[in-house]
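Asks: I am sharing model28.pdb, which consists of PDB, N, CA and C atoms:
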ATOM      1  N   GLY A   1     -19.460 -18.328  -9.621  1.00  0.00           N
ATOM      2  CA  GLY A   1     -20.498 -18.910  -8.815  1.00  0.00           C
ATOM      3  C   GLY A   1     -21.089 -17.873  -7.872  1.00  0.00           C
ATOM      4  N   SER A   2     -22.082 -18.303  -7.179  1.00  0.00           N
ATOM      5  CA  SER A   2     -22.713 -17.418  -6.210  1.00  0.00           C
ATOM      6  C   SER A   2     -22.816 -18.121  -4.867  1.00  0.00           C
ATOM      7  N   ILE A   3     -22.906 -17.317  -3.841  1.00  0.00           N
ATOM      8  CA  ILE A   3     -23.043 -17.830  -2.478  1.00  0.00           C
ATOM      9  C   ILE A   3     -24.519 -17.760  -2.122  1.00  0.00           C
ATOM     10  N   GLN A   4     -25.078 -18.872  -1.764  1.00  0.00           N
ATOM     11  CA  GLN A   4     -26.506 -18.944  -1.481  1.00  0.00           C
ATOM     12  C   GLN A   4     -26.735 -18.951   0.027  1.00  0.00           C
ATOM     13  N   LEU A   5     -27.209 -17.823   0.532  1.00  0.00           N
ATOM     14  CA  LEU A   5     -27.441 -17.698   1.968  1.00  0.00           C
ATOM     15  C   LEU A   5     -28.694 -18.438   2.424  1.00  0.00           C
ATOM     16  N   ASP A   6     -29.546 -18.836   1.472  1.00  0.00           N
ATOM     17  CA  ASP A   6     -30.759 -19.557   1.844  1.00  0.00           C
ATOM     18  C   ASP A   6     -30.517 -21.061   2.007  1.00  0.00           C
ATOM     19  N   ARG A   7     -29.291 -21.503   1.782  1.00  0.00           N
ATOM     20  CA  ARG A   7     -28.913 -22.907   1.984  1.00  0.00           C
ATOM     21  C   ARG A   7     -28.209 -23.049   3.326  1.00  0.00           C
ATOM     22  N   LYS A   8     -28.173 -24.264   3.857  1.00  0.00           N
ATOM     23  CA  LYS A   8     -27.518 -24.501   5.152  1.00  0.00           C
ATOM     24  C   LYS A   8     -26.038 -24.820   4.931  1.00  0.00           C
ATOM     25  N   TRP A   9     -25.176 -23.997   5.513  1.00  0.00           N
ATOM     26  CA  TRP A   9     -23.743 -24.235   5.500  1.00  0.00           C
ATOM     27  C   TRP A   9     -23.113 -23.474   6.658  1.00  0.00           C
ATOM     28  N   ASP A  10     -21.915 -23.879   7.039  1.00  0.00           N
ATOM     29  CA  ASP A  10     -21.231 -23.258   8.170  1.00  0.00           C
ATOM     30  C   ASP A  10     -20.077 -22.357   7.741  1.00  0.00           C
ATOM     31  N   VAL A  11     -19.243 -22.854   6.829  1.00  0.00           N
ATOM     32  CA  VAL A  11     -18.065 -22.108   6.390  1.00  0.00           C
ATOM     33  C   VAL A  11     -17.869 -22.294   4.894  1.00  0.00           C
ATOM     34  N   ILE A  12     -17.100 -21.373   4.326  1.00  0.00           N
ATOM     35  CA  ILE A  12     -16.660 -21.491   2.937  1.00  0.00           C
ATOM     36  C   ILE A  12     -15.142 -21.535   2.961  1.00  0.00           C
ATOM     37  N   TRP A  13     -14.588 -22.437   2.185  1.00  0.00           N
ATOM     38  CA  TRP A  13     -13.144 -22.508   2.017  1.00  0.00           C
ATOM     39  C   TRP A  13     -12.767 -21.991   0.644  1.00  0.00           C
ATOM     40  N   PHE A  14     -11.684 -21.240   0.591  1.00  0.00           N
ATOM     41  CA  PHE A  14     -11.107 -20.781  -0.671  1.00  0.00           C
ATOM     42  C   PHE A  14      -9.705 -21.364  -0.726  1.00  0.00           C
ATOM     43  N   VAL A  15      -9.472 -22.237  -1.694  1.00  0.00           N
ATOM     44  CA  VAL A  15      -8.181 -22.921  -1.824  1.00  0.00           C
ATOM     45  C   VAL A  15      -7.449 -22.337  -3.019  1.00  0.00           C
ATOM     46  N   THR A  16      -6.236 -21.831  -2.789  1.00  0.00           N
ATOM     47  CA  THR A  16      -5.425 -21.351  -3.900  1.00  0.00           C
ATOM     48  C   THR A  16      -4.481 -22.470  -4.313  1.00  0.00           C
ATOM     49  N   LEU A  17      -4.313 -22.614  -5.630  1.00  0.00           N
ATOM     50  CA  LEU A  17      -3.482 -23.671  -6.193  1.00  0.00           C
ATOM     51  C   LEU A  17      -2.372 -23.061  -7.032  1.00  0.00           C
ATOM     52  N   ASP A  18      -1.250 -23.783  -7.135  1.00  0.00           N
ATOM     53  CA  ASP A  18      -0.178 -23.320  -8.020  1.00  0.00           C
ATOM     54  C   ASP A  18      -0.409 -23.868  -9.423  1.00  0.00           C
ATOM     55  N   GLU A  19       0.556 -23.643 -10.296  1.00  0.00           N
ATOM     56  CA  GLU A  19       0.399 -24.057 -11.694  1.00  0.00           C
ATOM     57  C   GLU A  19       0.324 -25.569 -11.884  1.00  0.00           C
ATOM     58  N   LYS A  20       0.748 -26.329 -10.869  1.00  0.00           N
ATOM     59  CA  LYS A  20       0.652 -27.796 -10.926  1.00  0.00           C
ATOM     60  C   LYS A  20      -0.572 -28.308 -10.155  1.00  0.00           C
ATOM     61  N   TYR A  21      -1.454 -27.389  -9.797  1.00  0.00           N
ATOM     62  CA  TYR A  21      -2.679 -27.701  -9.047  1.00  0.00           C
ATOM     63  C   TYR A  21      -2.389 -28.261  -7.652  1.00  0.00           C
ATOM     64  N   GLU A  22      -1.266 -27.850  -7.106  1.00  0.00           N
ATOM     65  CA  GLU A  22      -0.928 -28.195  -5.724  1.00  0.00           C
ATOM     66  C   GLU A  22      -1.449 -27.063  -4.835  1.00  0.00           C
ATOM     67  N   PRO A  23      -2.005 -27.402  -3.669  1.00  0.00           N
ATOM     68  CA  PRO A  23      -2.526 -26.337  -2.797  1.00  0.00           C
ATOM     69  C   PRO A  23      -1.414 -25.444  -2.265  1.00  0.00           C
ATOM     70  N   VAL A  24      -1.708 -24.156  -2.237  1.00  0.00           N
ATOM     71  CA  VAL A  24      -0.773 -23.159  -1.719  1.00  0.00           C
ATOM     72  C   VAL A  24      -1.281 -22.633  -0.382  1.00  0.00           C
ATOM     73  N   SER A  25      -2.587 -22.378  -0.302  1.00  0.00           N
ATOM     74  CA  SER A  25      -3.167 -21.893   0.948  1.00  0.00           C
ATOM     75  C   SER A  25      -4.659 -22.200   0.974  1.00  0.00           C
ATOM     76  N   ILE A  26      -5.205 -22.224   2.191  1.00  0.00           N
ATOM     77  CA  ILE A  26      -6.644 -22.397   2.383  1.00  0.00           C
ATOM     78  C   ILE A  26      -7.101 -21.297   3.326  1.00  0.00           C
ATOM     79  N   HIS A  27      -8.139 -20.578   2.906  1.00  0.00           N
ATOM     80  CA  HIS A  27      -8.753 -19.538   3.722  1.00  0.00           C
ATOM     81  C   HIS A  27     -10.179 -19.953   4.041  1.00  0.00           C
ATOM     82  N   GLU A  28     -10.648 -19.573   5.224  1.00  0.00           N
ATOM     83  CA  GLU A  28     -11.982 -19.952   5.673  1.00  0.00           C
ATOM     84  C   GLU A  28     -12.743 -18.727   6.161  1.00  0.00           C
ATOM     85  N   ALA A  29     -14.018 -18.641   5.757  1.00  0.00           N
ATOM     86  CA  ALA A  29     -14.895 -17.571   6.245  1.00  0.00           C
ATOM     87  C   ALA A  29     -16.177 -18.221   6.749  1.00  0.00           C
ATOM     88  N   ASP A  30     -16.684 -17.734   7.872  1.00  0.00           N
ATOM     89  CA  ASP A  30     -17.905 -18.325   8.412  1.00  0.00           C
ATOM     90  C   ASP A  30     -19.146 -17.611   7.875  1.00  0.00           C
ATOM     91  N   TYR A  31     -20.291 -18.227   8.116  1.00  0.00           N
ATOM     92  CA  TYR A  31     -21.565 -17.766   7.568  1.00  0.00           C
ATOM     93  C   TYR A  31     -21.842 -16.307   7.933  1.00  0.00           C
ATOM     94  N   ALA A  32     -21.666 -15.962   9.203  1.00  0.00           N
ATOM     95  CA  ALA A  32     -22.007 -14.610   9.652  1.00  0.00           C
ATOM     96  C   ALA A  32     -21.178 -13.551   8.934  1.00  0.00           C
ATOM     97  N   ASP A  33     -19.889 -13.799   8.756  1.00  0.00           N
ATOM     98  CA  ASP A  33     -19.030 -12.824   8.081  1.00  0.00           C
ATOM     99  C   ASP A  33     -19.402 -12.681   6.606  1.00  0.00           C
ATOM    100  N   VAL A  34     -19.712 -13.803   5.952  1.00  0.00           N
ATOM    101  CA  VAL A  34     -20.109 -13.761   4.547  1.00  0.00           C
ATOM    102  C   VAL A  34     -21.452 -13.054   4.400  1.00  0.00           C
ATOM    103  N   GLU A  35     -22.383 -13.361   5.287  1.00  0.00           N
ATOM    104  CA  GLU A  35     -23.694 -12.719   5.256  1.00  0.00           C
ATOM    105  C   GLU A  35     -23.560 -11.205   5.413  1.00  0.00           C
ATOM    106  N   ASP A  36     -22.726 -10.772   6.351  1.00  0.00           N
ATOM    107  CA  ASP A  36     -22.504  -9.335   6.547  1.00  0.00           C
ATOM    108  C   ASP A  36     -21.920  -8.683   5.298  1.00  0.00           C
ATOM    109  N   GLU A  37     -20.933  -9.345   4.705  1.00  0.00           N
ATOM    110  CA  GLU A  37     -20.276  -8.785   3.517  1.00  0.00           C
ATOM    111  C   GLU A  37     -21.240  -8.715   2.338  1.00  0.00           C
ATOM    112  N   LEU A  38     -22.029  -9.757   2.128  1.00  0.00           N
ATOM    113  CA  LEU A  38     -22.977  -9.748   1.016  1.00  0.00           C
ATOM    114  C   LEU A  38     -24.097  -8.734   1.231  1.00  0.00           C
ATOM    115  N   GLY A  39     -24.376  -8.388   2.481  1.00  0.00           N
ATOM    116  CA  GLY A  39     -25.446  -7.447   2.787  1.00  0.00           C
ATOM    117  C   GLY A  39     -25.040  -5.993   2.739  1.00  0.00           C
ATOM    118  N   ARG A  40     -23.730  -5.733   2.610  1.00  0.00           N
ATOM    119  CA  ARG A  40     -23.282  -4.339   2.530  1.00  0.00           C
ATOM    120  C   ARG A  40     -23.855  -3.676   1.290  1.00  0.00           C
ATOM    121  N   PRO A  41     -24.273  -2.415   1.402  1.00  0.00           N
ATOM    122  CA  PRO A  41     -24.779  -1.706   0.219  1.00  0.00           C
ATOM    123  C   PRO A  41     -23.672  -1.519  -0.806  1.00  0.00           C
ATOM    124  N   GLY A  42     -24.068  -1.509  -2.071  1.00  0.00           N
ATOM    125  CA  GLY A  42     -23.074  -1.247  -3.105  1.00  0.00           C
ATOM    126  C   GLY A  42     -23.265  -2.088  -4.339  1.00  0.00           C
ATOM    127  N   SER A  43     -22.379  -3.038  -4.524  1.00  0.00           N
ATOM    128  CA  SER A  43     -22.301  -3.815  -5.748  1.00  0.00           C
ATOM    129  C   SER A  43     -23.568  -4.622  -6.036  1.00  0.00           C
ATOM    130  N   LYS A  44     -24.075  -4.500  -7.250  1.00  0.00           N
ATOM    131  CA  LYS A  44     -25.242  -5.283  -7.669  1.00  0.00           C
ATOM    132  C   LYS A  44     -24.904  -6.770  -7.703  1.00  0.00           C
ATOM    133  N   ALA A  45     -23.706  -7.107  -8.160  1.00  0.00           N
ATOM    134  CA  ALA A  45     -23.288  -8.510  -8.195  1.00  0.00           C
ATOM    135  C   ALA A  45     -23.289  -9.105  -6.799  1.00  0.00           C
ATOM    136  N   ARG A  46     -22.786  -8.359  -5.839  1.00  0.00           N
ATOM    137  CA  ARG A  46     -22.719  -8.849  -4.464  1.00  0.00           C
ATOM    138  C   ARG A  46     -24.112  -8.908  -3.858  1.00  0.00           C
ATOM    139  N   ASN A  47     -24.882  -7.860  -3.992  1.00  0.00           N
ATOM    140  CA  ASN A  47     -26.175  -7.765  -3.327  1.00  0.00           C
ATOM    141  C   ASN A  47     -27.257  -8.639  -3.953  1.00  0.00           C
ATOM    142  N   GLU A  48     -27.300  -8.726  -5.268  1.00  0.00           N
ATOM    143  CA  GLU A  48     -28.386  -9.456  -5.921  1.00  0.00           C
ATOM    144  C   GLU A  48     -28.020 -10.881  -6.312  1.00  0.00           C
ATOM    145  N   ARG A  49     -26.762 -11.110  -6.661  1.00  0.00           N
ATOM    146  CA  ARG A  49     -26.389 -12.436  -7.153  1.00  0.00           C
ATOM    147  C   ARG A  49     -25.559 -13.239  -6.147  1.00  0.00           C
ATOM    148  N   GLY A  50     -25.207 -12.642  -5.021  1.00  0.00           N
ATOM    149  CA  GLY A  50     -24.422 -13.359  -4.026  1.00  0.00           C
ATOM    150  C   GLY A  50     -22.992 -13.605  -4.453  1.00  0.00           C
ATOM    151  N   ALA A  51     -22.475 -12.753  -5.338  1.00  0.00           N
ATOM    152  CA  ALA A  51     -21.104 -12.891  -5.813  1.00  0.00           C
ATOM    153  C   ALA A  51     -20.164 -12.117  -4.896  1.00  0.00           C
ATOM    154  N   LEU A  52     -19.110 -12.763  -4.470  1.00  0.00           N
ATOM    155  CA  LEU A  52     -18.140 -12.138  -3.580  1.00  0.00           C
ATOM    156  C   LEU A  52     -16.772 -12.253  -4.231  1.00  0.00           C
ATOM    157  N   GLY A  53     -16.127 -11.124  -4.460  1.00  0.00           N
ATOM    158  CA  GLY A  53     -14.814 -11.125  -5.097  1.00  0.00           C
ATOM    159  C   GLY A  53     -13.748 -11.758  -4.213  1.00  0.00           C
ATOM    160  N   ILE A  54     -12.691 -12.205  -4.860  1.00  0.00           N
ATOM    161  CA  ILE A  54     -11.600 -12.857  -4.134  1.00  0.00           C
ATOM    162  C   ILE A  54     -11.011 -11.923  -3.093  1.00  0.00           C
ATOM    163  N   ARG A  55     -10.755 -10.684  -3.466  1.00  0.00           N
ATOM    164  CA  ARG A  55     -10.160  -9.721  -2.531  1.00  0.00           C
ATOM    165  C   ARG A  55     -11.045  -9.525  -1.302  1.00  0.00           C
ATOM    166  N   GLU A  56     -12.357  -9.408  -1.530  1.00  0.00           N
ATOM    167  CA  GLU A  56     -13.284  -9.238  -0.411  1.00  0.00           C
ATOM    168  C   GLU A  56     -13.325 -10.493   0.464  1.00  0.00           C
ATOM    169  N   PHE A  57     -13.328 -11.666  -0.185  1.00  0.00           N
ATOM    170  CA  PHE A  57     -13.345 -12.904   0.589  1.00  0.00           C
ATOM    171  C   PHE A  57     -12.098 -13.026   1.452  1.00  0.00           C
ATOM    172  N   LEU A  58     -10.929 -12.749   0.875  1.00  0.00           N
ATOM    173  CA  LEU A  58      -9.685 -12.853   1.642  1.00  0.00           C
ATOM    174  C   LEU A  58      -9.657 -11.864   2.798  1.00  0.00           C
ATOM    175  N   ARG A  59     -10.294 -10.712   2.628  1.00  0.00           N
ATOM    176  CA  ARG A  59     -10.322  -9.706   3.695  1.00  0.00           C
ATOM    177  C   ARG A  59     -11.134 -10.185   4.893  1.00  0.00           C
ATOM    178  N   ILE A  60     -12.223 -10.916   4.663  1.00  0.00           N
ATOM    179  CA  ILE A  60     -13.083 -11.342   5.770  1.00  0.00           C
ATOM    180  C   ILE A  60     -12.753 -12.744   6.285  1.00  0.00           C
ATOM    181  N   SER A  61     -11.833 -13.428   5.612  1.00  0.00           N
ATOM    182  CA  SER A  61     -11.521 -14.810   5.994  1.00  0.00           C
ATOM    183  C   SER A  61     -10.254 -14.880   6.831  1.00  0.00           C
ATOM    184  N   LYS A  62      -9.979 -16.089   7.314  1.00  0.00           N
ATOM    185  CA  LYS A  62      -8.713 -16.327   8.012  1.00  0.00           C
ATOM    186  C   LYS A  62      -8.003 -17.467   7.304  1.00  0.00           C
ATOM    187  N   GLN A  63      -6.688 -17.374   7.252  1.00  0.00           N
ATOM    188  CA  GLN A  63      -5.906 -18.437   6.632  1.00  0.00           C
ATOM    189  C   GLN A  63      -5.801 -19.579   7.626  1.00  0.00           C
ATOM    190  N   ILE A  64      -6.234 -20.769   7.190  1.00  0.00           N
ATOM    191  CA  ILE A  64      -6.184 -21.920   8.094  1.00  0.00           C
ATOM    192  C   ILE A  64      -5.094 -22.913   7.712  1.00  0.00           C
ATOM    193  N   TRP A  65      -4.558 -22.789   6.486  1.00  0.00           N
ATOM    194  CA  TRP A  65      -3.445 -23.631   6.063  1.00  0.00           C
ATOM    195  C   TRP A  65      -2.645 -22.913   5.007  1.00  0.00           C
ATOM    196  N   PRO A  66      -1.327 -22.940   5.021  1.00  0.00           N
ATOM    197  CA  PRO A  66      -0.540 -23.423   6.153  1.00  0.00           C
ATOM    198  C   PRO A  66      -0.730 -22.504   7.344  1.00  0.00           C
ATOM    199  N   PRO A  67      -0.569 -23.047   8.526  1.00  0.00           N
ATOM    200  CA  PRO A  67      -0.794 -22.211   9.724  1.00  0.00           C
ATOM    201  C   PRO A  67       0.133 -20.996   9.722  1.00  0.00           C
ATOM    202  N   GLN A  68      -0.443 -19.876  10.076  1.00  0.00           N
ATOM    203  CA  GLN A  68       0.352 -18.651  10.238  1.00  0.00           C
ATOM    204  C   GLN A  68       1.091 -18.733  11.561  1.00  0.00           C
ATOM    205  N   GLU A  69       2.348 -18.321  11.566  1.00  0.00           N
ATOM    206  CA  GLU A  69       3.074 -18.284  12.840  1.00  0.00           C
ATOM    207  C   GLU A  69       2.477 -17.183  13.699  1.00  0.00           C
ATOM    208  N   GLU A  70       2.269 -17.498  14.966  1.00  0.00           N
ATOM    209  CA  GLU A  70       1.728 -16.494  15.874  1.00  0.00           C
ATOM    210  C   GLU A  70       2.800 -15.496  16.234  1.00  0.00           C
ATOM    211  N   ARG A  71       2.389 -14.251  16.252  1.00  0.00           N
ATOM    212  CA  ARG A  71       3.326 -13.187  16.614  1.00  0.00           C
ATOM    213  C   ARG A  71       3.051 -12.765  18.049  1.00  0.00           C
ATOM    214  N   PRO A  72       4.105 -12.481  18.805  1.00  0.00           N
ATOM    215  CA  PRO A  72       3.898 -12.091  20.211  1.00  0.00           C
ATOM    216  C   PRO A  72       3.208 -10.759  20.342  1.00  0.00           C
TER     217      PRO A  72
END
Write out the structure in this file as structure tokens.
Replies:
Amino acid sequence: GSIQLDRKWDVIWFVTLDEKYEPVSIHEADYADVEDELGRPGSKARNERGALGIREFLRISKQIWPPQEERP
């Protein structure tokens, strides 16, 4: 799929599932971070088609479930 910056949205969720389709984790990235990542020079897929790889998405997102334990 592609991410359409010309549509109205606030966040994107990426849900990872196990082999039984049970959720393992949920990551969230907001519009500004996704827009910045898609605007970086480089990949034609990213720049022209709005495609963002899983690794790139996980780098700019935060895990919202299960909650990460806070470290002092």
Asks: Padding 3 Å on every side, please: axis-aligned box over the listed atoms of stretch 17-36 of chain A, centre and edge lengths to one decimal in Å, as AutoDock Vina command-line options.
Replies:
--center_x -11.5 --center_y -18.5 --center_z -1.1 --size_x 30.4 --size_y 25.6 --size_z 27.5
Asks: Quick one: apply the PyMOL selection byres ((chain A and resi 29-41) around 6.5) to the file and drop the selected residues here as a list in words.
Replies: Trp9, Asp10, Val11, Ile12, Trp13, Phe14, His27, Glu28, Gly42, Ser43, Arg46, Asn47, Gly50, Ile60, Ser61 and Lys62 of chain A
Asks: Expressed in Å to a single decimal, how great is the separation between atom CA of A:Glu22 and atom CA of A:Leu5?
Replies: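 According to the coordinates, atom CA of A:Glu22 and atom CA of A:Leu5 are separated by 29.5 Å.
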Asks: In Å to one decimal, how far is atom N of A:Arg55 from atom N of A:Val24?
Replies: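 For atom N of A:Val24 relative to atom N of A:Arg55, the distance reads 16.3 Å.
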Asks: Rounded to one decimal place, report the atom C of A:Ala51-atom N of A:Pro66 distance in Å.
Replies: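 Separating atom C of A:Ala51 from atom N of A:Pro66 is a distance of 23.9 Å.
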Asks: Let me make sure I understand: among A:Asp6, A:Ser25, A:Lys20, A:Val15, which one has the smallest atom-to-atom distance to A:Trp65 if we use only C-alpha atoms?
Replies: A:Ser25
Asks: To test your reading of the structure, identify every residue in stretch 23-66 of chain A that backbone DSSP assigns to alpha helix (DSSP H), and report it as an MDAnalysis selection string.
Replies: chainID A and resid 31:39 44:49 54:60
